[in-house]
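Have a look at upload21.json below; it lists JSON, C-alpha atoms.
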[["chain", "number", "residue", "atom", "x", "y", "z"],
["A", 3, "MET", "CA", -45.75, 9.60, -2.26],
["A", 4, "LEU", "CA", -48.08, 12.30, -3.53],
["A", 5, "SER", "CA", -47.37, 15.97, -2.89],
["A", 6, "ASP", "CA", -49.90, 17.83, -0.74],
["A", 7, "ASP", "CA", -51.29, 19.59, -3.82],
["A", 8, "TYR", "CA", -51.84, 16.37, -5.72],
["A", 9, "GLU", "CA", -53.35, 14.74, -2.66],
["A", 10, "LYS", "CA", -55.86, 17.56, -2.22],
["A", 11, "MET", "CA", -56.68, 17.51, -5.93],
["A", 12, "MET", "CA", -57.29, 13.76, -5.88],
["A", 13, "LEU", "CA", -59.45, 13.94, -2.75],
["A", 14, "ILE", "CA", -61.65, 16.60, -4.36],
["A", 15, "TYR", "CA", -61.85, 14.52, -7.54],
["A", 16, "LEU", "CA", -62.76, 11.34, -5.67],
["A", 17, "SER", "CA", -65.31, 13.17, -3.51],
["A", 18, "GLY", "CA", -67.02, 14.22, -6.71],
["A", 19, "LEU", "CA", -67.16, 10.61, -7.92],
["A", 20, "ALA", "CA", -68.33, 9.02, -4.69],
["A", 21, "ASP", "CA", -71.79, 8.83, -3.21],
["A", 22, "GLY", "CA", -72.14, 10.15, 0.32],
["A", 23, "PRO", "CA", -69.78, 12.41, 2.25],
["A", 24, "GLY", "CA", -66.54, 13.42, 0.57],
["A", 25, "PHE", "CA", -62.97, 12.65, 1.55],
["A", 26, "ARG", "CA", -60.95, 15.22, 3.47],
["A", 27, "LYS", "CA", -57.85, 13.08, 3.92],
["A", 28, "SER", "CA", -56.59, 9.86, 2.35],
["A", 29, "GLU", "CA", -57.39, 7.99, 5.54],
["A", 30, "ASP", "CA", -61.11, 8.65, 4.88],
["A", 31, "LEU", "CA", -60.95, 6.17, 1.98],
["A", 32, "ASN", "CA", -60.52, 3.42, 4.54],
["A", 33, "ARG", "CA", -64.12, 3.86, 5.68],
["A", 34, "LEU", "CA", -65.24, 2.40, 2.33],
["A", 35, "THR", "CA", -65.84, -1.33, 2.12],
["A", 36, "CYS", "CA", -63.69, -3.21, -0.35],
["A", 37, "ARG", "CA", -66.59, -3.35, -2.76],
["A", 38, "GLU", "CA", -67.21, 0.41, -2.48],
["A", 39, "LEU", "CA", -63.50, 1.10, -2.99],
["A", 40, "LEU", "CA", -63.35, -1.11, -6.08],
["A", 41, "LEU", "CA", -66.51, 0.48, -7.49],
["A", 42, "LEU", "CA", -65.01, 3.91, -6.87],
["A", 43, "SER", "CA", -61.83, 2.85, -8.70],
["A", 44, "GLN", "CA", -63.96, 1.99, -11.74],
["A", 45, "LYS", "CA", -65.11, 5.60, -11.92],
["A", 46, "VAL", "CA", -61.54, 6.95, -11.83],
["A", 47, "ASP", "CA", -60.26, 7.97, -15.24],
["A", 48, "ASP", "CA", -57.30, 6.01, -16.66],
["A", 49, "SER", "CA", -55.13, 9.11, -16.45],
["A", 50, "ALA", "CA", -55.75, 9.39, -12.68],
["A", 51, "LEU", "CA", -55.57, 5.72, -11.73],
["A", 52, "GLY", "CA", -51.86, 5.86, -10.90],
["A", 53, "LEU", "CA", -52.46, 8.84, -8.61],
["A", 54, "PHE", "CA", -55.37, 6.98, -7.03],
["A", 55, "VAL", "CA", -53.08, 4.07, -6.11],
["A", 56, "GLN", "CA", -50.40, 6.45, -4.86],
["A", 57, "LEU", "CA", -53.01, 8.14, -2.69],
["A", 58, "LEU", "CA", -53.97, 4.80, -1.16],
["A", 59, "LYS", "CA", -50.31, 3.93, -0.72],
["A", 60, "GLY", "CA", -49.65, 7.18, 1.15],
["A", 61, "SER", "CA", -52.50, 6.57, 3.57],
["A", 62, "GLU", "CA", -51.74, 5.31, 7.06],
["A", 63, "SER", "CA", -53.93, 2.33, 6.22],
["A", 64, "GLY", "CA", -52.01, 1.49, 3.05],
["A", 65, "GLU", "CA", -51.78, -2.22, 3.86],
["A", 66, "ARG", "CA", -55.47, -2.47, 4.69],
["A", 67, "LEU", "CA", -56.38, -0.57, 1.54],
["A", 68, "PHE", "CA", -54.34, -3.00, -0.54],
["A", 69, "GLU", "CA", -56.33, -5.85, 0.99],
["A", 70, "LYS", "CA", -59.47, -4.02, -0.05],
["A", 71, "LEU", "CA", -58.17, -3.67, -3.60],
["A", 72, "MET", "CA", -57.73, -7.45, -3.45],
["A", 73, "GLY", "CA", -61.43, -7.68, -2.52],
["A", 74, "ASP", "CA", -60.50, -9.06, 0.90],
["A", 75, "HIS", "CA", -59.85, -12.30, -1.02],
["A", 76, "GLU", "CA", -63.61, -12.95, -1.24],
["A", 77, "GLU", "CA", -64.87, -14.81, -4.29],
["A", 78, "GLU", "CA", -67.83, -12.44, -4.68],
["A", 79, "ASN", "CA", -65.43, -9.54, -5.35],
["A", 80, "ARG", "CA", -63.28, -11.41, -7.82],
["A", 81, "GLU", "CA", -64.76, -9.81, -10.93],
["A", 82, "LEU", "CA", -64.21, -6.31, -9.59],
["A", 83, "VAL", "CA", -60.67, -7.15, -8.48],
["A", 84, "ASP", "CA", -59.74, -8.67, -11.83],
["A", 85, "ALA", "CA", -61.18, -5.65, -13.63],
["A", 86, "PHE", "CA", -59.16, -3.24, -11.48],
["A", 87, "PHE", "CA", -55.84, -5.03, -11.83],
["A", 88, "SER", "CA", -56.32, -5.70, -15.51],
["A", 89, "ARG", "CA", -56.93, -1.99, -16.16],
["A", 90, "TYR", "CA", -54.10, -0.85, -13.91],
["A", 91, "LEU", "CA", -51.67, -3.30, -15.53],
["A", 92, "LYS", "CA", -52.42, -1.86, -18.97],
["A", 93, "ILE", "CA", -51.81, 1.64, -17.69],
["A", 94, "VAL", "CA", -48.63, 0.95, -15.73],
["A", 95, "LEU", "CA", -46.53, -1.52, -17.66],
["A", 96, "SER", "CA", -44.50, 0.21, -20.33],
["A", 97, "SER", "CA", -44.30, -2.84, -22.57],
["A", 98, "VAL", "CA", -48.08, -2.74, -22.84],
["A", 99, "GLN", "CA", -48.44, 1.01, -22.78],
["A", 100, "GLU", "CA", -45.71, 1.81, -25.26],
["A", 101, "GLY", "CA", -45.44, -1.38, -27.22],
["A", 102, "GLU", "CA", -41.99, -2.70, -27.96],
["A", 103, "ASN", "CA", -40.78, 0.77, -28.83],
["A", 104, "PHE", "CA", -39.85, 1.82, -25.31],
["A", 105, "ASN", "CA", -36.13, 2.50, -25.32],
["A", 106, "PRO", "CA", -34.65, 3.45, -21.93],
["A", 107, "LEU", "CA", -31.71, 5.20, -23.59],
["A", 108, "ASP", "CA", -34.03, 7.55, -25.49],
["A", 109, "VAL", "CA", -35.62, 8.46, -22.16],
["A", 110, "TYR", "CA", -32.56, 8.78, -19.92],
["A", 111, "LEU", "CA", -29.92, 9.80, -22.46],
["A", 112, "PRO", "CA", -31.75, 12.20, -24.79],
["A", 113, "VAL", "CA", -29.88, 14.05, -27.53],
["A", 114, "HIS", "CA", -30.23, 17.43, -25.84],
["A", 115, "THR", "CA", -27.99, 16.22, -22.99],
["A", 116, "PHE", "CA", -25.03, 15.39, -25.24],
["A", 117, "ASP", "CA", -23.39, 18.78, -24.62],
["A", 118, "ASP", "CA", -23.03, 17.89, -20.97],
["A", 119, "LEU", "CA", -20.19, 15.38, -21.15],
["A", 120, "ALA", "CA", -20.13, 14.74, -17.42],
["A", 121, "PHE", "CA", -23.79, 13.79, -17.56],
["A", 122, "VAL", "CA", -23.30, 11.54, -20.59],
["A", 123, "GLN", "CA", -20.39, 9.80, -18.90],
["A", 124, "SER", "CA", -22.48, 9.26, -15.77],
["A", 125, "ARG", "CA", -24.81, 7.19, -17.94],
["A", 126, "GLN", "CA", -22.05, 4.81, -19.09],
["A", 127, "ALA", "CA", -22.97, 1.95, -16.71],
["A", 128, "PHE", "CA", -26.62, 2.41, -17.64],
["A", 129, "PHE", "CA", -25.74, 2.27, -21.35],
["A", 130, "LEU", "CA", -23.69, -0.90, -20.86],
["A", 131, "ARG", "CA", -26.60, -2.63, -19.09],
["A", 132, "GLN", "CA", -28.83, -2.41, -22.16],
["A", 133, "THR", "CA", -29.27, -5.19, -24.67],
["A", 134, "ILE", "CA", -27.36, -4.74, -27.89],
["A", 135, "ALA", "CA", -30.67, -4.44, -29.77],
["A", 136, "THR", "CA", -31.69, -1.51, -27.57],
["A", 137, "ILE", "CA", -28.30, 0.12, -28.11],
["A", 138, "ASN", "CA", -28.38, -0.34, -31.89],
["A", 139, "GLU", "CA", -31.89, 1.11, -32.03],
["A", 140, "PHE", "CA", -30.80, 4.09, -29.92],
["A", 141, "LEU", "CA", -27.72, 4.73, -32.07],
["A", 142, "ASP", "CA", -29.79, 4.39, -35.26],
["A", 143, "GLY", "CA", -32.10, 7.13, -34.02],
["A", 144, "VAL", "CA", -29.36, 9.43, -32.78],
["A", 145, "PHE", "CA", -26.96, 9.20, -35.72],
["A", 146, "ARG", "CA", -29.55, 8.60, -38.45],
["A", 147, "ARG", "CA", -27.92, 5.49, -39.83],
["A", 148, "LYS", "CA", -28.03, 1.73, -39.27],
["A", 149, "HIS", "CA", -25.85, 0.18, -36.56],
["A", 150, "ASP", "CA", -25.23, -3.51, -36.12],
["A", 151, "PHE", "CA", -23.11, -4.12, -33.05],
["A", 152, "GLY", "CA", -23.24, -7.80, -32.19],
["A", 153, "PRO", "CA", -24.15, -9.56, -28.94],
["A", 154, "GLY", "CA", -21.69, -8.74, -26.18],
["A", 155, "GLU", "CA", -20.34, -5.66, -27.95],
["A", 156, "GLN", "CA", -21.81, -3.14, -25.51],
["A", 157, "GLN", "CA", -18.39, -1.79, -24.58],
["A", 158, "ARG", "CA", -17.40, -1.30, -28.22],
["A", 159, "ALA", "CA", -20.74, 0.40, -28.86],
["A", 160, "TRP", "CA", -20.17, 2.71, -25.91],
["A", 161, "GLU", "CA", -16.68, 3.66, -27.17],
["A", 162, "TYR", "CA", -18.15, 4.41, -30.61],
["A", 163, "PHE", "CA", -20.95, 6.46, -29.06],
["A", 164, "TRP", "CA", -18.59, 8.39, -26.77],
["A", 165, "GLU", "CA", -16.24, 9.19, -29.64],
["A", 166, "LYS", "CA", -19.15, 10.51, -31.70],
["A", 167, "VAL", "CA", -20.38, 12.66, -28.83],
["A", 168, "MET", "CA", -16.90, 14.07, -28.31],
["A", 169, "GLU", "CA", -16.69, 14.98, -32.01],
["A", 170, "LYS", "CA", -19.78, 17.17, -31.76],
["B", 20, "MET", "CA", -35.28, -49.02, 28.37],
["B", 21, "SER", "CA", -34.27, -51.13, 25.44],
["B", 22, "ASP", "CA", -31.74, -53.93, 25.69],
["B", 23, "GLY", "CA", -30.99, -53.58, 21.99],
["B", 24, "ASN", "CA", -32.26, -57.02, 21.18],
["B", 25, "GLU", "CA", -35.85, -56.15, 20.47],
["B", 26, "LYS", "CA", -37.09, -57.12, 17.07],
["B", 27, "THR", "CA", -39.10, -54.71, 15.04],
["B", 28, "ALA", "CA", -42.69, -55.84, 14.74],
["B", 29, "PRO", "CA", -43.58, -56.71, 11.13],
["B", 30, "LYS", "CA", -45.74, -54.10, 9.44],
["B", 31, "GLU", "CA", -49.38, -54.87, 8.89],
["B", 32, "GLU", "CA", -50.37, -55.07, 5.26],
["B", 33, "GLY", "CA", -51.15, -51.60, 3.96],
["B", 34, "GLU", "CA", -49.47, -49.88, 6.89],
["B", 35, "ALA", "CA", -47.81, -46.71, 5.77],
["B", 36, "ASP", "CA", -44.09, -46.25, 6.09],
["B", 37, "THR", "CA", -44.17, -42.74, 7.49],
["B", 38, "GLU", "CA", -40.45, -42.21, 7.05],
["B", 39, "THR", "CA", -40.46, -42.77, 3.32],
["B", 40, "LEU", "CA", -43.78, -41.07, 2.68],
["B", 41, "ALA", "CA", -43.02, -37.92, 4.64],
["B", 42, "LYS", "CA", -43.01, -34.90, 2.34],
["B", 43, "PRO", "CA", -40.78, -31.92, 2.94],
["B", 44, "ALA", "CA", -42.79, -29.23, 4.69],
["B", 45, "LEU", "CA", -43.62, -26.18, 2.62],
["B", 46, "ASN", "CA", -43.26, -23.93, 5.61],
["B", 47, "TRP", "CA", -40.88, -21.32, 4.26],
["B", 48, "LYS", "CA", -41.49, -18.23, 2.18],
["B", 49, "VAL", "CA", -39.57, -15.66, 0.17],
["B", 50, "VAL", "CA", -40.40, -12.05, 0.99],
["B", 51, "LEU", "CA", -39.60, -9.30, -1.52],
["B", 52, "PHE", "CA", -38.96, -5.76, -0.24],
["B", 53, "ASN", "CA", -39.78, -2.45, -1.90],
["B", 54, "ASP", "CA", -37.29, 0.18, -3.00],
["B", 55, "GLU", "CA", -37.29, 3.13, -5.37],
["B", 56, "GLU", "CA", -34.78, 1.68, -7.84],
["B", 57, "HIS", "CA", -36.94, -0.79, -9.72],
["B", 58, "THR", "CA", -39.92, -0.37, -12.01],
["B", 59, "TYR", "CA", -43.14, -2.34, -12.09],
["B", 60, "ASP", "CA", -41.89, -3.79, -15.38],
["B", 61, "TYR", "CA", -38.78, -5.10, -13.66],
["B", 62, "VAL", "CA", -40.73, -6.73, -10.83],
["B", 63, "VAL", "CA", -43.09, -8.42, -13.30],
["B", 64, "GLU", "CA", -40.22, -9.55, -15.52],
["B", 65, "MET", "CA", -38.23, -10.86, -12.55],
["B", 66, "LEU", "CA", -41.12, -12.68, -10.86],
["B", 67, "THR", "CA", -42.33, -14.32, -14.06],
["B", 68, "SER", "CA", -38.80, -15.51, -14.71],
["B", 69, "VAL", "CA", -37.64, -16.47, -11.20],
["B", 70, "CYS", "CA", -40.87, -17.49, -9.46],
["B", 71, "LYS", "CA", -42.73, -18.63, -12.58],
["B", 72, "LEU", "CA", -45.70, -16.43, -11.67],
["B", 73, "SER", "CA", -48.21, -15.46, -14.34],
["B", 74, "ARG", "CA", -47.93, -11.90, -15.59],
["B", 75, "GLU", "CA", -51.16, -11.00, -13.77],
["B", 76, "ASN", "CA", -50.07, -12.46, -10.43],
["B", 77, "ALA", "CA", -46.62, -10.93, -10.75],
["B", 78, "PHE", "CA", -48.25, -7.56, -11.34],
["B", 79, "ARG", "CA", -50.37, -7.94, -8.18],
["B", 80, "CYS", "CA", -47.20, -8.69, -6.24],
["B", 81, "ALA", "CA", -45.64, -5.56, -7.75],
["B", 82, "VAL", "CA", -48.59, -3.45, -6.61],
["B", 83, "GLU", "CA", -48.45, -5.02, -3.15],
["B", 84, "VAL", "CA", -44.74, -4.45, -2.69],
["B", 85, "ASP", "CA", -45.18, -0.86, -3.85],
["B", 86, "MET", "CA", -48.16, -0.17, -1.59],
["B", 87, "THR", "CA", -47.20, -2.07, 1.54],
["B", 88, "GLY", "CA", -43.41, -2.36, 1.34],
["B", 89, "ARG", "CA", -43.26, -6.13, 1.05],
["B", 90, "THR", "CA", -44.87, -9.09, -0.64],
["B", 91, "ILE", "CA", -44.55, -12.86, -0.41],
["B", 92, "VAL", "CA", -43.49, -14.19, -3.79],
["B", 93, "PHE", "CA", -42.85, -17.87, -3.09],
["B", 94, "TYR", "CA", -43.72, -20.64, -0.64],
["B", 95, "GLY", "CA", -41.78, -23.88, -0.39],
["B", 96, "THR", "CA", -39.21, -25.90, 1.44],
["B", 97, "ARG", "CA", -36.29, -24.08, 2.98],
["B", 98, "ASN", "CA", -33.97, -25.25, 0.20],
["B", 99, "ASP", "CA", -36.34, -24.20, -2.57],
["B", 100, "CYS", "CA", -36.93, -20.82, -0.95],
["B", 101, "GLU", "CA", -33.22, -20.20, -0.53],
["B", 102, "ALA", "CA", -32.67, -21.06, -4.19],
["B", 103, "VAL", "CA", -35.43, -18.69, -5.32],
["B", 104, "CYS", "CA", -34.19, -15.96, -2.99],
["B", 105, "ALA", "CA", -30.68, -16.28, -4.42],
["B", 106, "LYS", "CA", -32.07, -15.86, -7.93],
["B", 107, "VAL", "CA", -33.97, -12.73, -6.89],
["B", 108, "LEU", "CA", -30.84, -11.29, -5.30],
["B", 109, "SER", "CA", -28.77, -11.97, -8.40],
["B", 110, "PHE", "CA", -31.28, -10.90, -11.04],
["B", 111, "GLY", "CA", -29.37, -7.67, -11.55],
["B", 112, "PRO", "CA", -30.28, -3.98, -11.75],
["B", 113, "ASP", "CA", -33.24, -2.58, -13.64],
["B", 114, "HIS", "CA", -31.93, -1.58, -17.06],
["B", 115, "ARG", "CA", -34.78, 0.93, -17.39],
["B", 116, "LEU", "CA", -33.54, 3.20, -14.60],
["B", 117, "PRO", "CA", -30.10, 4.78, -14.48],
["B", 118, "GLN", "CA", -30.17, 4.96, -10.68],
["B", 119, "SER", "CA", -30.73, 1.22, -10.39],
["B", 120, "MET", "CA", -27.47, -0.38, -9.35],
["B", 121, "ALA", "CA", -28.46, -3.73, -7.92],
["B", 122, "SER", "CA", -31.14, -6.39, -7.62],
["B", 123, "MET", "CA", -34.15, -6.05, -5.32],
["B", 124, "ASN", "CA", -33.80, -7.16, -1.74],
["B", 125, "ALA", "CA", -35.47, -10.38, -0.59],
["B", 126, "GLU", "CA", -35.33, -12.69, 2.39],
["B", 127, "THR", "CA", -36.17, -16.30, 3.17],
["B", 128, "GLN", "CA", -38.36, -16.56, 6.27],
["B", 129, "SER", "CA", -40.08, -19.42, 8.09],
["B", 130, "LEU", "CA", -43.88, -19.29, 8.26]]
Final structure tokens representation of the file:
Amino acid sequence: MLSDDYEKMMLIYLSGLADGPGFRKSEDLNRLTCRELLLLSQKVDDSALGLFVQLLKGSESGERLFEKLMGDHEEENRELVDAFFSRYLKIVLSSVQEGENFNPLDVYLPVHTFDDLAFVQSRQAFFLRQTIATINEFLDGVFRRKHDFGPGEQQRAWEYFWEKVMEK
Amino acid sequence: MSDGNEKTAPKEEGEADTETLAKPALNWKVVLFNDEEHTYDYVVEMLTSVCKLSRENAFRCAVEVDMTGRTIVFYGTRNDCEAVCAKVLSFGPDHRLPQSMASMNAETQSL
């Protein structure tokens, strides 16, 4: 859900992009036809497309607005629908956005948190859920040397990591 | 009333045997529910694996579940739907989010 500030900002932004009267609340977007909504989405910058969807989601007519994003399942809107979802997919999915380099441990267990042992320990289950390749890559980056824990050695990798953190 | 001695009339040539030709009705569905513990990546990964959806269709389901709270991810017989639902429920937590502790919630429902 968008905060009030973000919602206002998006409504002003969208009002500037749209023809006709502006939008004072998210519900106003529901007065657009599916075609108008999809055409409006094309004008939204990539960096704001996620906020645009969140704005629609937060509207009381969220379900109806989703149907409009689906072009009301009419063949004549198919091109616009495909274009919208194809663009949104590229923006949202991390594997596309960040290539194969996205490592959840880098994001949720960054080096600057290592002084907080309680925090690090709270991430143990999260650490153990990762693939061994993700763990090796994370450890390589953190300790600046190659690691080669084998498949199924998550627990051993965690014990190694924890010991190293404790040594610091 | 039947006296139990009636003989079954022979089938005309080409007459369909409705009992053997009857197909199981695809009148069940699997509904996936939204939560805040799974990423779009997880939903796409799970639906492409469990429901054999294309990446594009799985992504649309992910957007729908996020925007509306639910999405239908599979239609089939009751048995097939229950099998798919069980796979969704046992797919495991999202390894991308530390707060994710379990699979997404799903339900088998009749149409």
Problem set entry | Exercise answer, chain A residues close to chain B, 9 Å and all atoms listed in the file, as a ChimeraX atom specification | /A:55-56,58-60,64-69,72,87-88,91,94-97,105-107,109-110,124-125,127-129,131-133
Counting only C-alpha atoms, find the residues whose atoms lie at most 12 Å from (-31.9, -20.8, -3.2) (file coordinates) and write them out as a PDB file with C-alpha atoms, in the frame of the given file.
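Final file, part-v6.pdb:
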ATOM      1  CA  TRP B  47     -40.880 -21.320   4.260  1.00  0.00           C
ATOM      2  CA  LYS B  48     -41.490 -18.230   2.180  1.00  0.00           C
ATOM      3  CA  VAL B  49     -39.570 -15.660   0.170  1.00  0.00           C
ATOM      4  CA  VAL B  69     -37.640 -16.470 -11.200  1.00  0.00           C
ATOM      5  CA  CYS B  70     -40.870 -17.490  -9.460  1.00  0.00           C
ATOM      6  CA  PHE B  93     -42.850 -17.870  -3.090  1.00  0.00           C
ATOM      7  CA  GLY B  95     -41.780 -23.880  -0.390  1.00  0.00           C
ATOM      8  CA  THR B  96     -39.210 -25.900   1.440  1.00  0.00           C
ATOM      9  CA  ARG B  97     -36.290 -24.080   2.980  1.00  0.00           C
ATOM     10  CA  ASN B  98     -33.970 -25.250   0.200  1.00  0.00           C
ATOM     11  CA  ASP B  99     -36.340 -24.200  -2.570  1.00  0.00           C
ATOM     12  CA  CYS B 100     -36.930 -20.820  -0.950  1.00  0.00           C
ATOM     13  CA  GLU B 101     -33.220 -20.200  -0.530  1.00  0.00           C
ATOM     14  CA  ALA B 102     -32.670 -21.060  -4.190  1.00  0.00           C
ATOM     15  CA  VAL B 103     -35.430 -18.690  -5.320  1.00  0.00           C
ATOM     16  CA  CYS B 104     -34.190 -15.960  -2.990  1.00  0.00           C
ATOM     17  CA  ALA B 105     -30.680 -16.280  -4.420  1.00  0.00           C
ATOM     18  CA  LYS B 106     -32.070 -15.860  -7.930  1.00  0.00           C
ATOM     19  CA  VAL B 107     -33.970 -12.730  -6.890  1.00  0.00           C
ATOM     20  CA  LEU B 108     -30.840 -11.290  -5.300  1.00  0.00           C
ATOM     21  CA  SER B 109     -28.770 -11.970  -8.400  1.00  0.00           C
ATOM     22  CA  ALA B 125     -35.470 -10.380  -0.590  1.00  0.00           C
ATOM     23  CA  GLU B 126     -35.330 -12.690   2.390  1.00  0.00           C
ATOM     24  CA  THR B 127     -36.170 -16.300   3.170  1.00  0.00           C
TER      25      THR B 127
END
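Put simply, atom CA of Phe145 of chain A is 13.3 Å away from atom CA of His114 of chain A.
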Residues within 9 Å of Leu42 of chain A, please, as an mmCIF file with C-alpha atoms, keeping the file's coordinate frame. Count all atoms listed in the file; anything in the same chain fewer than 3 positions from it doesn't count.
data_model
loop_
_atom_site.group_PDB
_atom_site.id
_atom_site.type_symbol
_atom_site.label_atom_id
_atom_site.label_comp_id
_atom_site.auth_asym_id
_atom_site.auth_seq_id
_atom_site.Cartn_x
_atom_site.Cartn_y
_atom_site.Cartn_z
ATOM 1 C CA LEU A 16 -62.760 11.340 -5.670
ATOM 2 C CA LEU A 19 -67.160 10.610 -7.920
ATOM 3 C CA ALA A 20 -68.330 9.020 -4.690
ATOM 4 C CA ARG A 37 -66.590 -3.350 -2.760
ATOM 5 C CA GLU A 38 -67.210 0.410 -2.480
ATOM 6 C CA LEU A 39 -63.500 1.100 -2.990
ATOM 7 C CA LYS A 45 -65.110 5.600 -11.920
ATOM 8 C CA VAL A 46 -61.540 6.950 -11.830
#
For this session: In the coordinates of the file, take the point (-62.1, -9.7, -4.6) and a cut-off of 12 Å; then, counting only C-alpha atoms, name each qualifying protein, DNA or RNA residue as a ChimeraX atom specification.
Result: /A:35-41,68-87
Exercise. Atom CA of Gln123 of chain A and atom CA of Asp142 of chain A, how far apart in Å?
Worked result: 19.6 Å
